[in-house]
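Engineer: Mind having a look at this structure? Questions to follow.
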Amino acid sequence: MIQTAQDMKTYRDRIRAALENRFLRKALDNFASAYKVSRAKAFEGIDLETLKDQIATGKDQALTQLELLFNRFKAEAEAAGAVVHLARTAREANEIIAKIGRNNGVTSIVKSKSMTAEETHLNDHLEAEGFNVTETDLGEWIIQLRHEGPSHMVMPAIHLSRQQVGTLFGDVTQTPVDLEDIDRMVKVARKELRPAFLAADMGISGANLAIAETGTLGIISNEGNARLTTTLPRVHVALVGLDKLVPDLSAALRIIQVLPKNATGQALTSYVTFITGAVECGASDSGKKILHIVFLDNGRLDLAKDPVFSEALRCIRCGACSNVCPVYGKVGGHTLGHVYIGAIGLILTYFYHGKDNARAIVRNCLNCQACKSVCPVNIDLPYLIKKVYANILKDEGTRPAKNTVLSTVMKNRYLFHSLLKMASTLQKPLVQKEAGVLRHLPFIFGKAHEFRTLPALAKKSFRDQWPKIRPQIQNPKYRVALFGGCVVDFVSPEQALSLVRLLTRYNVQMEYPMGQSCCGLPAMMMAEEQTAMAVAVQNLDAMDPDRYDYIVVLCASCGSHLKEGYSRLLADTSEVTEKLRCLQDKLIDFSSFMVNVLKAAPEDFLQNQTRVAYHSPCHLCRGLGVTREPRELLQTAGLDYAPCKDEDVCCGFGGSYSLEFPEISAEILRQKLDNVENTGAEVLVTDCPGCVLQLRGGMDKRNSRVRVQHIAEVVAENLKDP
Amino acid sequence: MKHHELTYRMKEKAELVQAVVTTVCSMEDVLRYVVDLTLRQNGKSLVAPCLDSQNRQVLETFCSAAGLTFLHPPLRNHLTDIHTALTHADWAIAETGTLVLNSASEDLRIATMLSETHVAWIPASRILPDAVALSDRLIETMKSPPGYMSFITGASRTADIERVLAIGVHGPQTLHILIMEENPS
Ligand code: SF4
Ligand code: SF4
């Protein structure tokens, strides 16, 4: 039985236990690395973006007419000899299937892989009704024998080692199995499961696709068990989510073209099967297969009508959002999902398995956007995850105290900024002088937070320094405003000072509009949308885009939130639409500004060839889509850029995430820093002050000789005097 | 794409998924190939559910000469004793090295699912560049149900234990593809 943590305390215990499983981490890490390579290879020469758009648009259209598609499917399939059912709930689906079994005198059942059957807990129901059920997909069989749920949607037993499987098989067959020999284990499964196929009266399968125009089921598989399941027994029941309906074969072929490639980097699975109606079957009295197709609603029809969440139904269950998720990579599927796993699991759990099962897991997201960028149907997973969290807070009617405090403070810029100033004074006894880090963490942080040092607030914020240092440029080439963000302003003003230096040298007039406040992303991360909206409006008031040629950000997270987040938050505020569009058009990250606008050239810099590694911030490479410019800028600025493994994997910061899940954050950070140290770099450069904070804190804690700097700092350091 | 390019592509892609691909010139080549292969693998039996009666007779003669049992339909009577299955394929998709078999016949399904070795022959002219090129024909077949259409790409496989690729889980353990070059002369 699957038991998902329903409160944070239990959840944290589970996470700690999962983090102790070193095999799991190693296996998932190897998989993540191999996956990226094989996926890229599988999609070589394919225009993936166009294909993704086509599939997503097609899915969206289908979702607006699910009932129509269902009726068409039913008419076609029934004309071809099938019986088509519609189950409103999971329980109803299970009962329909049990009844089909009873009516046909079934005793033993073989099953091929179906996430939908996992969703309805079909096995438990059928076993309670006295049927003998055997899972035949190798991974599913293994977890059935272990009485577990799947830990990955495509590879359900990825959490187990060969030794664990070998031992299990040895127990089941009462014959010792060589614990290293995977080929042998596979043959054991072949041999053990063959009699089950031969004896079964009924086969239950899922389906990846239901093609309405012909009433055809499409099933994608590798092992061949789905073919046997749908062929040998006289009864075949397919349990299919309504979201699997597609209008026609071309829509189906597009999905088939993408699914295996995106799932595991396989060009195509060994088998793709299209079943239309009741085919010949020698085991049945009529000589025809007894075919029942049970469509499952279980909330899908309502979900399809939801303006925000309907896009979750585009999911084709490729599992890729787990493959690339840094959190999944550390804790595995049993800790990051209920039945459905990974990013999409955090969302679907709420809708299919209720808020109690979703409550804790939904918080376990860094908002790193890795899932979103790999999803073949363009689901904005991190956004929907936050939305689910917001819904749960609303359902429960209580908000964590920290949410209330954050909202009150952030909505009022004066209060927010004076509190920060006060904190800067109050922290004095805790600060370690030269390093500018906190010597002791305040007692509210536990031991788990000791994986990195936390920076002290700056003695003097950037906004307090600005009036005195504001350069006045004669005949400036450009006028730009800096959108600083909280970390630059209050923790790392030196990053903004570097920018001042560079811009002055390039004859650019810089402004720092004082009315700006926090961008509001932290509020979004805590699902406080109202607050996020209020600060968005304040910032839009403060930053008048008409007065500047560009609005530069040093913080990728602020940048991507201003670009993407604001559009969504202010979508219904039509009076600001024009202004927002103008601001977004002028918004540019530091590296792109230096490279594309100022055309920084090598002769402007000392070419000292310091060896640097680069961390690509989530919100820069995926949020703003900037990947080339920072690397080019490093080289232009006379630095020796040493490529590093997994440069674009999250550093584990995620704002408040690292406070909420310090152990996971620490583990993600550890791996990041190991990779960096392996490059032999002297400096680790990145372009997001939040990442700097996390990375520097981690390097400091491990007494590493690698310095961590914002890209503006290293570039400014190498600037030659004119 | 020219036929020989498609054939080349088909061979290349199918071999990537561990299929054994050979070019042959005649039905006799095909029949000799399955018998030899079965003997080499120490197999005892052979089925060929969709073979026309003339070729079946030839194959039966080859089998008895070689000491192999030729199993007759209905194959439900032989679920556990099929070593080699010889079938044709209706089409092939070069892009992925895939065979496409209209498997409405139960005997054909049993042969391709429960044999240890599956040998399929395909005329070179029936190799298409990609799945899209096949869609009109597929739709046509799907519109005259009931139907069971199979795309087969390599042998049965799994990576469910530690993601290590293992061949031959529930389906055939080896797949041989015989591409028949039509001789214009
Ligand atoms: S945003 Fe990142 S952490 Fe969150 S679910 Fe997606 S991949 Fe995982
Ligand atoms: S949400 Fe996207 S990436 Fe995740 S399983 Fe579904 S389709 Fe695949």
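Chains: A, B, ... in order of the structure tokens. Residues: from 1 per chain. Ligands: from 1, in order shown.
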Please identify every polymer residue within 9 Å of ligand 1, using only C-alpha atoms and all ligand atoms, and present the set as a PyMOL selection string.
Structural biologist: chain A and resi 321-329+336+342-346+362+364-373+381-383+385+618+650+652+654
Engineer: Could the residues of chain A that have an atom at most 7 Å from ligand 2 be listed as a Markdown table, each with its closest atom pair and the distance in Å to one decimal, counting only C-alpha atoms and all ligand atoms and ordered by chain and ascending residue number?
Structural biologist:
| residue | atom | partner | partner_atom_place_in_ligand_line | distance |
| --- | --- | --- | --- | --- |
| A:Ala312 | CA | ligand 2 | 1 (S) | 6.9 |
| A:Arg314 | CA | ligand 2 | 7 (S) | 6.8 |
| A:Cys315 | CA | ligand 2 | 6 (Fe) | 3.7 |
| A:Ile316 | CA | ligand 2 | 7 (S) | 4.3 |
| A:Arg317 | CA | ligand 2 | 5 (S) | 3.8 |
| A:Cys318 | CA | ligand 2 | 8 (Fe) | 3.9 |
| A:Gly319 | CA | ligand 2 | 5 (S) | 3.8 |
| A:Ala320 | CA | ligand 2 | 3 (S) | 4.3 |
| A:Cys321 | CA | ligand 2 | 3 (S) | 4.1 |
| A:Ser322 | CA | ligand 2 | 4 (Fe) | 6.8 |
| A:Ala343 | CA | ligand 2 | 4 (Fe) | 6.4 |
| A:Ile344 | CA | ligand 2 | 1 (S) | 4.7 |
| A:Cys371 | CA | ligand 2 | 3 (S) | 6.2 |
| A:Val374 | CA | ligand 2 | 3 (S) | 6.0 |
| A:Cys375 | CA | ligand 2 | 3 (S) | 3.6 |
| A:Pro376 | CA | ligand 2 | 7 (S) | 5.6 |
| A:Val377 | CA | ligand 2 | 7 (S) | 5.7 |
| A:Asn378 | CA | ligand 2 | 2 (Fe) | 6.9 |
| A:Ile379 | CA | ligand 2 | 2 (Fe) | 6.1 |
| A:Leu381 | CA | ligand 2 | 1 (S) | 6.9 |
Engineer: Can you write just those residues out, all heavy atoms, as a CSV table (one decimal), in the first residue's frame?
Structural biologist:
chain,number,residue,atom,x,y,z
A,312,ALA,N,-2.8,20.4,-17.4
A,312,ALA,CA,-2.2,19.2,-16.8
A,312,ALA,C,-2.7,17.9,-17.5
A,312,ALA,O,-2.0,16.9,-17.5
A,312,ALA,CB,-2.5,19.1,-15.3
A,314,ARG,N,-2.8,17.5,-20.6
A,314,ARG,CA,-2.1,17.2,-21.8
A,314,ARG,C,-1.1,16.1,-21.6
A,314,ARG,O,-0.6,15.5,-22.6
A,314,ARG,CB,-1.2,18.5,-22.2
A,314,ARG,CG,-2.0,19.6,-22.7
A,314,ARG,CD,-1.0,20.7,-23.1
A,314,ARG,NE,-1.5,22.0,-23.2
A,314,ARG,CZ,-0.8,23.1,-22.9
A,314,ARG,NH1,0.4,23.0,-22.6
A,314,ARG,NH2,-1.4,24.3,-23.0
A,315,CYS,N,-0.8,15.8,-20.3
A,315,CYS,CA,0.3,14.9,-20.0
A,315,CYS,C,0.2,13.6,-20.8
A,315,CYS,O,-0.8,12.9,-20.8
A,315,CYS,CB,0.3,14.6,-18.5
A,315,CYS,SG,1.5,13.4,-18.0
A,316,ILE,N,1.3,13.1,-21.4
A,316,ILE,CA,1.3,11.8,-22.1
A,316,ILE,C,2.1,10.8,-21.3
A,316,ILE,O,2.4,9.7,-21.8
A,316,ILE,CB,1.9,12.0,-23.5
A,316,ILE,CG1,3.3,12.5,-23.5
A,316,ILE,CG2,1.0,12.8,-24.4
A,316,ILE,CD1,4.0,12.5,-24.8
A,317,ARG,N,2.4,11.1,-20.0
A,317,ARG,CA,3.0,10.1,-19.1
A,317,ARG,C,4.4,9.6,-19.5
A,317,ARG,O,4.6,8.4,-19.5
A,317,ARG,CB,2.1,8.9,-18.8
A,317,ARG,CG,0.7,9.2,-18.5
A,317,ARG,CD,0.5,9.4,-17.0
A,317,ARG,NE,-0.9,9.6,-16.6
A,317,ARG,CZ,-1.5,10.7,-16.6
A,317,ARG,NH1,-0.9,11.9,-16.9
A,317,ARG,NH2,-2.8,10.8,-16.3
A,318,CYS,N,5.2,10.5,-20.0
A,318,CYS,CA,6.5,10.1,-20.5
A,318,CYS,C,7.5,10.0,-19.3
A,318,CYS,O,8.5,9.4,-19.4
A,318,CYS,CB,7.0,11.0,-21.5
A,318,CYS,SG,7.5,12.7,-20.9
A,319,GLY,N,7.1,10.6,-18.2
A,319,GLY,CA,8.0,10.5,-17.0
A,319,GLY,C,9.2,11.4,-17.0
A,319,GLY,O,10.0,11.5,-16.1
A,320,ALA,N,9.4,12.2,-18.1
A,320,ALA,CA,10.6,13.0,-18.2
A,320,ALA,C,10.7,14.1,-17.1
A,320,ALA,O,11.8,14.4,-16.7
A,320,ALA,CB,10.6,13.7,-19.6
A,321,CYS,N,9.5,14.5,-16.6
A,321,CYS,CA,9.6,15.6,-15.6
A,321,CYS,C,10.2,15.0,-14.3
A,321,CYS,O,10.7,15.8,-13.5
A,321,CYS,CB,8.2,16.2,-15.4
A,321,CYS,SG,6.9,15.1,-15.0
A,322,SER,N,10.2,13.7,-14.1
A,322,SER,CA,10.9,13.1,-13.0
A,322,SER,C,12.4,13.0,-13.4
A,322,SER,O,13.3,13.3,-12.6
A,322,SER,CB,10.4,11.7,-12.7
A,322,SER,OG,9.1,11.7,-12.3
A,343,ALA,N,7.0,16.0,-11.1
A,343,ALA,CA,6.4,17.2,-11.2
A,343,ALA,C,4.9,17.1,-11.5
A,343,ALA,O,4.0,17.6,-10.8
A,343,ALA,CB,7.0,18.1,-12.3
A,344,ILE,N,4.5,16.2,-12.4
A,344,ILE,CA,3.1,16.1,-12.8
A,344,ILE,C,2.4,15.4,-11.6
A,344,ILE,O,1.2,15.6,-11.4
A,344,ILE,CB,2.9,15.3,-14.1
A,344,ILE,CG1,1.5,15.4,-14.6
A,344,ILE,CG2,3.4,13.9,-14.0
A,344,ILE,CD1,1.0,16.7,-15.0
A,371,CYS,N,11.7,20.6,-15.3
A,371,CYS,CA,10.6,19.8,-15.8
A,371,CYS,C,9.9,20.5,-16.9
A,371,CYS,O,9.6,19.8,-18.0
A,371,CYS,CB,9.6,19.5,-14.7
A,371,CYS,SG,9.1,21.0,-13.7
A,374,VAL,N,11.5,20.3,-20.3
A,374,VAL,CA,11.6,19.0,-20.9
A,374,VAL,C,10.3,18.4,-21.3
A,374,VAL,O,10.2,17.4,-22.0
A,374,VAL,CB,12.5,18.0,-20.0
A,374,VAL,CG1,11.6,17.4,-19.0
A,374,VAL,CG2,13.2,16.9,-20.8
A,375,CYS,N,9.2,19.0,-20.8
A,375,CYS,CA,7.9,18.4,-21.0
A,375,CYS,C,7.5,18.6,-22.5
A,375,CYS,O,7.5,19.6,-23.1
A,375,CYS,CB,6.9,19.2,-20.1
A,375,CYS,SG,5.2,18.6,-20.5
A,376,PRO,N,7.1,17.4,-23.1
A,376,PRO,CA,6.9,17.5,-24.6
A,376,PRO,C,5.5,18.1,-24.9
A,376,PRO,O,5.2,18.3,-26.1
A,376,PRO,CB,6.8,16.0,-24.9
A,376,PRO,CG,6.4,15.3,-23.7
A,376,PRO,CD,7.0,16.1,-22.6
A,377,VAL,N,4.7,18.5,-23.9
A,377,VAL,CA,3.5,19.1,-24.2
A,377,VAL,C,3.3,20.4,-23.5
A,377,VAL,O,2.3,21.0,-23.3
A,377,VAL,CB,2.3,18.2,-23.8
A,377,VAL,CG1,2.1,17.0,-24.8
A,377,VAL,CG2,2.4,17.6,-22.4
A,378,ASN,N,4.5,21.0,-23.2
A,378,ASN,CA,4.6,22.4,-22.7
A,378,ASN,C,3.7,22.7,-21.5
A,378,ASN,O,3.1,23.7,-21.4
A,378,ASN,CB,4.2,23.4,-23.8
A,378,ASN,CG,5.2,23.4,-24.9
A,378,ASN,OD1,6.4,23.1,-24.7
A,378,ASN,ND2,4.8,23.7,-26.2
A,379,ILE,N,3.6,21.8,-20.6
A,379,ILE,CA,2.9,22.1,-19.4
A,379,ILE,C,3.8,22.9,-18.5
A,379,ILE,O,4.9,22.6,-18.2
A,379,ILE,CB,2.5,20.8,-18.6
A,379,ILE,CG1,1.7,19.8,-19.5
A,379,ILE,CG2,1.7,21.1,-17.3
A,379,ILE,CD1,1.3,18.5,-18.9
A,381,LEU,N,4.7,23.2,-15.5
A,381,LEU,CA,4.5,22.4,-14.2
A,381,LEU,C,4.8,23.2,-13.0
A,381,LEU,O,4.0,23.1,-12.0
A,381,LEU,CB,5.4,21.1,-14.4
A,381,LEU,CG,5.0,20.2,-15.5
A,381,LEU,CD1,6.2,19.4,-16.1
A,381,LEU,CD2,4.0,19.2,-14.9
Engineer: How many Å lie between CA of Glu663 in chain A and CA of Pro455 in chain A, rounded to one decimal?
Structural biologist: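 If I compute the distance from CA of Glu663 in chain A to CA of Pro455 in chain A, I get 18.8 Å.
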Engineer: So which bits of range 74-125 of chain B end up alpha helix (DSSP H) when you DSSP the backbone, as a VMD selection string?
Structural biologist: chain B and resid 106 to 114
Engineer: Suppose you want the space between CA of Ser592 in chain A and CA of Leu540 in chain A; what is it in Å?
Structural biologist: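 Interatomic distance here is 22.3 Å.
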Engineer: Set the cut-off to 6 Å and count only C-alpha atoms: what are the residues of chain A that reach chain B? Output as a list in words.
Structural biologist: Ala80, Gly139, Met155, Asp183, Arg190, Asn222, Glu223, Gly224, Asn225, Ser270, Tyr271, Val272, Thr273, Phe274, Ile275, Thr276, Gly277, Ala278, Val279 and Glu280 of chain A
Engineer: Just to be explicit: take each residue in the selection above, keep C-alpha atoms, and write the result as a tab-separated table (two decimals), in the first residue's frame.
Structural biologist:
chain	number	residue	atom	x	y	z
A	80	ALA	CA	-16.37	-3.10	-34.22
A	139	GLY	CA	9.01	-3.63	-13.15
A	155	MET	CA	10.44	2.55	-14.85
A	183	ASP	CA	19.93	-11.28	-17.95
A	190	ARG	CA	9.92	-14.78	-18.58
A	222	ASN	CA	8.87	-2.77	-24.87
A	223	GLU	CA	8.57	-6.14	-23.25
A	224	GLY	CA	5.80	-7.70	-25.28
A	225	ASN	CA	3.62	-8.36	-22.26
A	270	SER	CA	9.84	-2.47	-29.47
A	271	TYR	CA	6.10	-2.66	-29.89
A	272	VAL	CA	3.34	-0.28	-30.82
A	273	THR	CA	-0.04	-1.96	-31.02
A	274	PHE	CA	-3.28	-0.61	-32.46
A	275	ILE	CA	-6.37	-2.55	-31.49
A	276	THR	CA	-9.69	-1.85	-33.18
A	277	GLY	CA	-12.64	-3.86	-31.95
A	278	ALA	CA	-13.03	-7.53	-31.11
A	279	VAL	CA	-10.49	-9.54	-33.04
A	280	GLU	CA	-10.40	-13.26	-33.62
Engineer: Just to confirm, what's the straight-line distance from CA of Thr134 in chain A to CA of Leu179 in chain A in Å (one decimal)?
Structural biologist: 23.6 Å
Engineer: Which residues are near Thr174 in chain B? Cut-off 7 Å, only C-alpha atoms, ignore same chain within fewer than 3 positions. Put them as a PyMOL selection string.
Structural biologist: chain B and resi 19+116-118+155
Engineer: May I have the residues within 9 Å of Glu629 in chain A as number ranges by chain, using only C-alpha atoms and disregarding those fewer than 2 positions away in the same chain?
Structural biologist: A: 591-596, 626-627, 631-634
